[in-house]
Structure formats: structure tokens, C-alpha cells
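J.: Take a look at this one; I'll ask things after.
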Amino acid sequence: MLNQIAFYGALESGLIYSLVAFSIYLSFRILDFPDLTVEGTFPLGGAVAIVLIIHGFNPWFASLIAAMTGFIAGAVTGFLNVGLKIMHLLASILVMYALYSINLRIMGRPNLPLGGRSSVLSALSDNAPNLHYALVPVIVFALIVLAVTVLLYLFMKSETGLAMRATGANSRMARAQGISTGAMIILGIAIANALVALAGAMFAQSRQAADVGAGIGILVIGLASLIGGEAVLNPKKVATALIACIIGSVLFRLIVAIALETMGDTLHLLPGDINLLTAILMLIAIKFGSIRGFFLNFYRRKFPRSTAKTAEEK
């Protein structure tokens with residue numbers, strides 16, 4: 001089993017990556033837009049936040065500015081696709097590629113430490129000295145994720161959010177209803193990358209450093225969290241889908257931590273094996289969803305009356 005430090009660390013990472021899962025849900029599920037920009041905006045958020053904090057800015061303000069830079073990067077990807085008619089996958093790759101150089105320019109070097117300066121975790125750790133130090137980031141990031149979840153839910157239920165969902169579901173019908181589908185795509189990808197940049201800012205402050213390679217594999221982690229959460233909850237509504245993102249992200253990090261802790265010596269697993277574990281967990285989550293669907297369909301065929309009765313009661 002996990003020790004206390006490893007357990008809190010898995011929760012902390014899971015909460016941070018749930019913001020990435022929100023982004024993948026927005027781009028992949030809502031807009032049907034495969035977006036690789038996230039692998040550049042994640043370190044972008046960390047770089048901007050750390051540089052601003054080093055220059056004396058408030059950590060919360062620095063995190064907000066980091067999210068805004070992610071918003072701009074996502075908007076550029078959306079514009080390349082909508083305005084210049086570049087295929088969405090190629091547009092996101094181009095922006096991701098360019099962001100590597102931009103992130104190096106911002107930091108001035110591949111890795112930039114925070115140097116003991118205050119972060120978003122400092123207020124709670126300073127005012128609650130008796131609180132376990134590993135629990136501080138869990139509480140702070142849980143509050144941030146909760147706030148983002150509520151705001152994202154309210155946005156998806158708004159008129160603009162409904163127009164964005166209509167754009168992803170059927171763009172032709174959306175245009176026939178007078179919706180500017182191009183604007184919805186640009187806005188959706190911009191918001192998705194703002195969430196990833198915010199996650200990057202939280203990650204960098206948690207690790208006390210920004211790294212230009214922090215975004216490598218972040219897309220797969222977000223996908224694994226999204227698919228895992230959907231396999232557990234099978235969401236049909238926006239609220240359930242957002243909760244599934246959080247659950248999938250936390251479960252994913254817990255499973256990886258348990259695997260490294262319990263099977264590390266037996267199978268000689270190393271931290272570098274996380275990519276292999278992620279791929280295996282994604283396969284399990286995908287197959288688990290199809291297996292569960294098989295049993296549900298079998299149950300409906302076997303007991304059609306009870307299924308119909310349950311539907312009427314609902």
C-alpha cells in the first residue's frame with residue numbers, strides 16, 4: 001500500500017491533471033478537435049508563472065496571466081484552423097512546435113527554479129503550520145479544481161456554451177441556426193489551452209521550478225484521465241462528464257503510484273516506466289468501457305421489462 005506522502009502526492013498530481021482532462025474533454029469530446037497545442041501550453045503556463053513570481057508578482061496574479069497566455073496560444077491554433085484553413089492536427093502541431101522556442105525565450109534556459117519564493121501554496125502553509133505539509137497542495141488544488149469545475153459547468157450551460165456544443169455535435173446544423181462555428185472553435189480551443197496553462201502554472205509552483213520539457217506526454221495523461229473517468233461513470237451530462245474527468249485523473253495517478261510502490265521491486269519498475277503504465281491503463285480503460293457495454297446490452301436483452309420499468313420510474 002501507499003505511504004502517506006505518496007498518497008497525498010498522487011492526489012496532488014491527480015487534481016492538477018484533472019484541469020488537463022477538462023481541456024481534453026472540451027477539445028476532443030465537445031468540439032471533436034484533436035489538439036496537440038497542450039504539450040506546449042502546459043510548460044508555457046509554468047514558465048510564465050515562475051518568471052512573474054521571480055519578478056515580484058503575486059502568485060495568484062501570475063497564475064491568472066499564465067492561463068491568459070494559454071488562452072492566446074489556443075486562439076492562435078483555432079485561428080490557423082478556421083482562418084487559414086489548416087487541418088486542426090497540423091495547426092496544433094505547428095503552435096506546439098513554436099511554443100518550445102517561446103518557452104525557452106521566456107525562461108532564458110531549459111529549467112528555471114522558483115528559488116524559495118512564495119507560491120499559491122504559501123498562504124495556507126504559513127497560516128496553518130500544524131497542517132501536514134503534503135496535505136497543503138491537495139487542499140489548495142482541490143479548491144482551484146472545484147472553482148474551475150463550477151465555472152466550466154456554468155459556461156457549458158450558457159448560451160455560448162450551448163452554441164459551442166452544437167458546433168461540435170453538428171456544425172452544419174449550427175451554422176443553419178446562425179451560430180458562428182468558427183468563432184466557437186477558436187473560443188473553445190482557447191479556453192481548453194487556458195486550462196492546461198493554469199495546470200502548468202500549478203504544477204510548476206508545486207515542483208518549485210518550470211521546465212521546458214514538462215509538457216511531454218501531457219496529452220496522453222489527459223486522455224487517460226478522460227477515458228478512465230468515462231469508463232467508471234459513463235457520463236451523459238456535462239456535470240457528470242466534468243466529475244468523471246476529476247475521478248479519472250485522481251484514479252489514474254493513484255493506480256500509477258500503487259503500481260510503482262507495490263510492484264516496483266518485483267517487476268523492477270522505475271519512474272521512467274510511467275509512460276508504459278499509462279499506455280497499459282489506457283488500454284484497460286478503453287476495453288473496460290466496451291466490456292461494460294457488452295454486459296449492459298446483455299442485461300437489457302435478458303430483462304427488457306425490468307429495464308423499461310426502470311426507465312418509466314426515472
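The chains in the C-alpha cells are called A, B, ... from first to last as shown; in each chain the residues are counted from 1, and the ligands are counted from 1 in the order shown.
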Name the residues of range 57-183 of chain A that come out as helix (DSSP H, G or I) in a backbone DSSP run; write them as a PyMOL selection string.
T.: chain A and resi 59-82+88-107+122-127+135-157+159-169+171-176+181-183
J.: Restricting the calculation to only C-alpha atoms: of A:Thr149, A:Val140, A:Gly56, A:Ile189, which residue gets closest to Phe28 in chain A?
T.: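 Closest residue, counting only C-alpha atoms: A:Ile189.
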J.: Need to verify the contact set: range 68-74 of chain A, 6 Å, only C-alpha atoms, exclusion of same-chain residues closer than 6 positions in sequence. Can you return it as a PyMOL selection string?
T.: chain A and resi 41+189-191+193-194+197
J.: Identify which of the residues A:Thr240, A:Ser225, A:Asn130, A:Asn3 lies closest to Ala279 in chain A, counting only C-alpha atoms when measuring atom-to-atom distances.
T.: A:Ser225
J.: Which residues of range 134-217 of chain A come within 12 Å of range 42-50 of chain A, and for each one, what is the closest pair of atoms and their distance in Å to one decimal, counting only C-alpha atoms, sorted by chain and residue number, as a tab-separated table?
T.:
```
residue	atom	partner	partner_atom	distance
A:Ala192	CA	A:Phe42	CA	11.0
A:Asn193	CA	A:Phe42	CA	8.1
A:Ala194	CA	A:Gly45	CA	8.4
A:Leu195	CA	A:Phe42	CA	8.9
A:Val196	CA	A:Phe42	CA	5.3
A:Ala197	CA	A:Gly45	CA	4.0
A:Leu198	CA	A:Gly45	CA	5.9
A:Ala199	CA	A:Phe42	CA	6.7
A:Gly200	CA	A:Phe42	CA	4.4
A:Ala201	CA	A:Gly46	CA	4.0
A:Met202	CA	A:Gly46	CA	7.2
A:Phe203	CA	A:Gly46	CA	6.9
A:Ala204	CA	A:Gly46	CA	5.0
A:Gln205	CA	A:Ile50	CA	7.1
A:Ser206	CA	A:Gly46	CA	10.1
A:Arg207	CA	A:Gly46	CA	10.0
A:Gln208	CA	A:Ile50	CA	8.3
A:Ala209	CA	A:Ile50	CA	7.0
A:Ala210	CA	A:Gly46	CA	5.2
A:Asp211	CA	A:Pro43	CA	6.4
A:Val212	CA	A:Pro43	CA	5.7
A:Gly213	CA	A:Pro43	CA	6.9
A:Ala214	CA	A:Pro43	CA	5.5
A:Gly215	CA	A:Phe42	CA	5.3
A:Ile216	CA	A:Pro43	CA	9.0
A:Gly217	CA	A:Phe42	CA	10.4
```
J.: Work out how far apart CA of Leu162 in chain A and CA of Ile218 in chain A are and give it in Å to one decimal.
T.: 27.6 Å
J.: Have a look at A:Ile30, A:Ala259, A:Leu219, A:Leu146 and name the one nearest to Asp273 in chain A; count only C-alpha atoms.
T.: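 Going through A:Ile30, A:Ala259, A:Leu219, A:Leu146 one by one, the smallest distance to Asp273 in chain A is for A:Ala259.
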J.: Counting only C-alpha atoms, which of A:Leu281, A:Trp60, A:Ile5, A:Ser180 gets nearest to Leu226 in chain A?
T.: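 For Leu226 in chain A, the nearest of the candidates is A:Leu281.
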J.: Compare A:Ala239, A:Val76, A:Leu124, A:Leu52 by their minimum atom-to-atom distance to Ile93 in chain A, counting only C-alpha atoms, and give me the closest one.
T.: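 Of the candidates, the smallest distance to Ile93 in chain A is held by A:Val76.
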J.: Which residue is closest to Leu242 in chain A? Choose from A:Phe22, A:Tyr8, A:Tyr17, A:Phe141 and count only C-alpha atoms.
T.: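 Going through A:Phe22, A:Tyr8, A:Tyr17, A:Phe141 one by one, the smallest distance to Leu242 in chain A is for A:Phe22.
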J.: Could you state the separation of CA of Asn170 in chain A and CA of Val38 in chain A in Å, given to one decimal place?
T.: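 If I compute the distance from CA of Asn170 in chain A to CA of Val38 in chain A, I get 24.6 Å.
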J.: Set the distance at 12 Å and use only C-alpha atoms: which residues neighbour Met282 in chain A once local chain neighbours fewer than 3 positions away are removed? I'd like the list as a PDB file with N, CA, C and O atoms, in the first residue's frame.
T.:
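Final output, around33.pdb:
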```pdb
ATOM      1  N   VAL A 220      -1.399  12.536 -23.537  1.00  0.00           N
ATOM      2  CA  VAL A 220      -1.745  11.144 -23.232  1.00  0.00           C
ATOM      3  C   VAL A 220      -2.266  11.020 -21.806  1.00  0.00           C
ATOM      4  O   VAL A 220      -3.214  10.277 -21.531  1.00  0.00           O
ATOM      5  N   ILE A 221      -1.658  11.768 -20.885  1.00  0.00           N
ATOM      6  CA  ILE A 221      -2.122  11.749 -19.497  1.00  0.00           C
ATOM      7  C   ILE A 221      -3.552  12.268 -19.407  1.00  0.00           C
ATOM      8  O   ILE A 221      -4.403  11.689 -18.720  1.00  0.00           O
ATOM      9  N   GLY A 222      -3.826  13.361 -20.116  1.00  0.00           N
ATOM     10  CA  GLY A 222      -5.186  13.892 -20.123  1.00  0.00           C
ATOM     11  C   GLY A 222      -6.177  12.934 -20.744  1.00  0.00           C
ATOM     12  O   GLY A 222      -7.289  12.756 -20.241  1.00  0.00           O
ATOM     13  N   LEU A 223      -5.783  12.293 -21.832  1.00  0.00           N
ATOM     14  CA  LEU A 223      -6.650  11.307 -22.473  1.00  0.00           C
ATOM     15  C   LEU A 223      -6.909  10.118 -21.558  1.00  0.00           C
ATOM     16  O   LEU A 223      -8.040   9.619 -21.467  1.00  0.00           O
ATOM     17  N   ALA A 224      -5.855   9.643 -20.888  1.00  0.00           N
ATOM     18  CA  ALA A 224      -6.011   8.521 -19.972  1.00  0.00           C
ATOM     19  C   ALA A 224      -6.966   8.873 -18.835  1.00  0.00           C
ATOM     20  O   ALA A 224      -7.811   8.057 -18.436  1.00  0.00           O
ATOM     21  N   SER A 225      -6.858  10.090 -18.323  1.00  0.00           N
ATOM     22  CA  SER A 225      -7.754  10.535 -17.251  1.00  0.00           C
ATOM     23  C   SER A 225      -9.189  10.617 -17.743  1.00  0.00           C
ATOM     24  O   SER A 225     -10.122  10.174 -17.057  1.00  0.00           O
ATOM     25  N   LEU A 226      -9.373  11.180 -18.937  1.00  0.00           N
ATOM     26  CA  LEU A 226     -10.717  11.322 -19.505  1.00  0.00           C
ATOM     27  C   LEU A 226     -11.344   9.959 -19.781  1.00  0.00           C
ATOM     28  O   LEU A 226     -12.487   9.697 -19.381  1.00  0.00           O
ATOM     29  N   ILE A 227     -10.604   9.082 -20.446  1.00  0.00           N
ATOM     30  CA  ILE A 227     -11.141   7.770 -20.798  1.00  0.00           C
ATOM     31  C   ILE A 227     -11.395   6.932 -19.545  1.00  0.00           C
ATOM     32  O   ILE A 227     -12.406   6.230 -19.441  1.00  0.00           O
ATOM     33  N   GLY A 228     -10.488   7.017 -18.581  1.00  0.00           N
ATOM     34  CA  GLY A 228     -10.680   6.279 -17.335  1.00  0.00           C
ATOM     35  C   GLY A 228     -11.904   6.740 -16.578  1.00  0.00           C
ATOM     36  O   GLY A 228     -12.684   5.928 -16.069  1.00  0.00           O
ATOM     37  N   GLY A 229     -12.091   8.052 -16.503  1.00  0.00           N
ATOM     38  CA  GLY A 229     -13.271   8.586 -15.818  1.00  0.00           C
ATOM     39  C   GLY A 229     -14.559   8.208 -16.525  1.00  0.00           C
ATOM     40  O   GLY A 229     -15.559   7.867 -15.880  1.00  0.00           O
ATOM     41  N   GLU A 230     -14.540   8.235 -17.850  1.00  0.00           N
ATOM     42  CA  GLU A 230     -15.731   7.847 -18.610  1.00  0.00           C
ATOM     43  C   GLU A 230     -16.029   6.364 -18.476  1.00  0.00           C
ATOM     44  O   GLU A 230     -17.194   5.950 -18.481  1.00  0.00           O
ATOM     45  N   ALA A 231     -14.983   5.556 -18.337  1.00  0.00           N
ATOM     46  CA  ALA A 231     -15.192   4.125 -18.146  1.00  0.00           C
ATOM     47  C   ALA A 231     -15.844   3.836 -16.796  1.00  0.00           C
ATOM     48  O   ALA A 231     -16.608   2.876 -16.649  1.00  0.00           O
ATOM     49  N   GLY A 248     -11.301  10.266 -12.939  1.00  0.00           N
ATOM     50  CA  GLY A 248     -10.364   9.537 -13.787  1.00  0.00           C
ATOM     51  C   GLY A 248      -8.925   9.978 -13.571  1.00  0.00           C
ATOM     52  O   GLY A 248      -8.017   9.143 -13.519  1.00  0.00           O
ATOM     53  N   SER A 249      -8.712  11.282 -13.413  1.00  0.00           N
ATOM     54  CA  SER A 249      -7.363  11.796 -13.208  1.00  0.00           C
ATOM     55  C   SER A 249      -6.778  11.337 -11.877  1.00  0.00           C
ATOM     56  O   SER A 249      -5.629  10.879 -11.806  1.00  0.00           O
ATOM     57  N   PHE A 252      -6.185   7.553 -11.927  1.00  0.00           N
ATOM     58  CA  PHE A 252      -5.023   7.245 -12.753  1.00  0.00           C
ATOM     59  C   PHE A 252      -3.728   7.444 -11.977  1.00  0.00           C
ATOM     60  O   PHE A 252      -2.841   6.579 -11.978  1.00  0.00           O
ATOM     61  N   ILE A 255      -3.388   4.777  -9.211  1.00  0.00           N
ATOM     62  CA  ILE A 255      -3.032   3.454  -9.736  1.00  0.00           C
ATOM     63  C   ILE A 255      -1.556   3.410 -10.122  1.00  0.00           C
ATOM     64  O   ILE A 255      -0.845   2.435  -9.837  1.00  0.00           O
ATOM     65  N   VAL A 256      -1.081   4.474 -10.763  1.00  0.00           N
ATOM     66  CA  VAL A 256       0.337   4.528 -11.126  1.00  0.00           C
ATOM     67  C   VAL A 256       1.213   4.516  -9.880  1.00  0.00           C
ATOM     68  O   VAL A 256       2.220   3.794  -9.817  1.00  0.00           O
ATOM     69  N   ASN A 275       5.277   6.039 -18.559  1.00  0.00           N
ATOM     70  CA  ASN A 275       4.687   6.088 -19.908  1.00  0.00           C
ATOM     71  C   ASN A 275       4.123   4.728 -20.304  1.00  0.00           C
ATOM     72  O   ASN A 275       3.034   4.639 -20.889  1.00  0.00           O
ATOM     73  N   LEU A 276       4.866   3.661 -20.004  1.00  0.00           N
ATOM     74  CA  LEU A 276       4.387   2.309 -20.312  1.00  0.00           C
ATOM     75  C   LEU A 276       3.145   1.979 -19.500  1.00  0.00           C
ATOM     76  O   LEU A 276       2.167   1.435 -20.030  1.00  0.00           O
ATOM     77  N   LEU A 277       3.155   2.340 -18.221  1.00  0.00           N
ATOM     78  CA  LEU A 277       1.987   2.105 -17.369  1.00  0.00           C
ATOM     79  C   LEU A 277       0.777   2.885 -17.870  1.00  0.00           C
ATOM     80  O   LEU A 277      -0.351   2.386 -17.853  1.00  0.00           O
ATOM     81  N   THR A 278       1.014   4.109 -18.325  1.00  0.00           N
ATOM     82  CA  THR A 278      -0.076   4.932 -18.842  1.00  0.00           C
ATOM     83  C   THR A 278      -0.726   4.278 -20.053  1.00  0.00           C
ATOM     84  O   THR A 278      -1.956   4.223 -20.165  1.00  0.00           O
ATOM     85  N   ALA A 279       0.103   3.779 -20.980  1.00  0.00           N
ATOM     86  CA  ALA A 279      -0.435   3.118 -22.171  1.00  0.00           C
ATOM     87  C   ALA A 279      -1.255   1.886 -21.796  1.00  0.00           C
ATOM     88  O   ALA A 279      -2.346   1.655 -22.349  1.00  0.00           O
ATOM     89  N   ALA A 285      -8.755   0.849 -19.682  1.00  0.00           N
ATOM     90  CA  ALA A 285      -9.928   1.726 -19.570  1.00  0.00           C
ATOM     91  C   ALA A 285     -10.804   1.643 -20.811  1.00  0.00           C
ATOM     92  O   ALA A 285     -12.035   1.592 -20.727  1.00  0.00           O
ATOM     93  N   ILE A 286     -10.162   1.605 -21.998  1.00  0.00           N
ATOM     94  CA  ILE A 286     -10.930   1.513 -23.243  1.00  0.00           C
ATOM     95  C   ILE A 286     -11.676   0.191 -23.323  1.00  0.00           C
ATOM     96  O   ILE A 286     -12.873   0.142 -23.648  1.00  0.00           O
ATOM     97  N   LYS A 287     -10.993  -0.900 -22.992  1.00  0.00           N
ATOM     98  CA  LYS A 287     -11.635  -2.216 -23.047  1.00  0.00           C
ATOM     99  C   LYS A 287     -12.666  -2.377 -21.948  1.00  0.00           C
ATOM    100  O   LYS A 287     -13.693  -3.042 -22.131  1.00  0.00           O
ATOM    101  N   PHE A 288     -12.419  -1.750 -20.791  1.00  0.00           N
ATOM    102  CA  PHE A 288     -13.388  -1.843 -19.699  1.00  0.00           C
ATOM    103  C   PHE A 288     -14.709  -1.220 -20.116  1.00  0.00           C
ATOM    104  O   PHE A 288     -15.781  -1.738 -19.810  1.00  0.00           O
ATOM    105  N   GLY A 289     -14.628  -0.092 -20.844  1.00  0.00           N
ATOM    106  CA  GLY A 289     -15.849   0.540 -21.318  1.00  0.00           C
ATOM    107  C   GLY A 289     -16.617  -0.345 -22.274  1.00  0.00           C
ATOM    108  O   GLY A 289     -17.843  -0.456 -22.197  1.00  0.00           O
TER     109      GLY A 289
END
```
J.: For CA of Ile186 in chain A and CA of Ala75 in chain A, quote the distance in Å rounded to one decimal.
T.: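 Distance between the two atoms: 5.3 Å.
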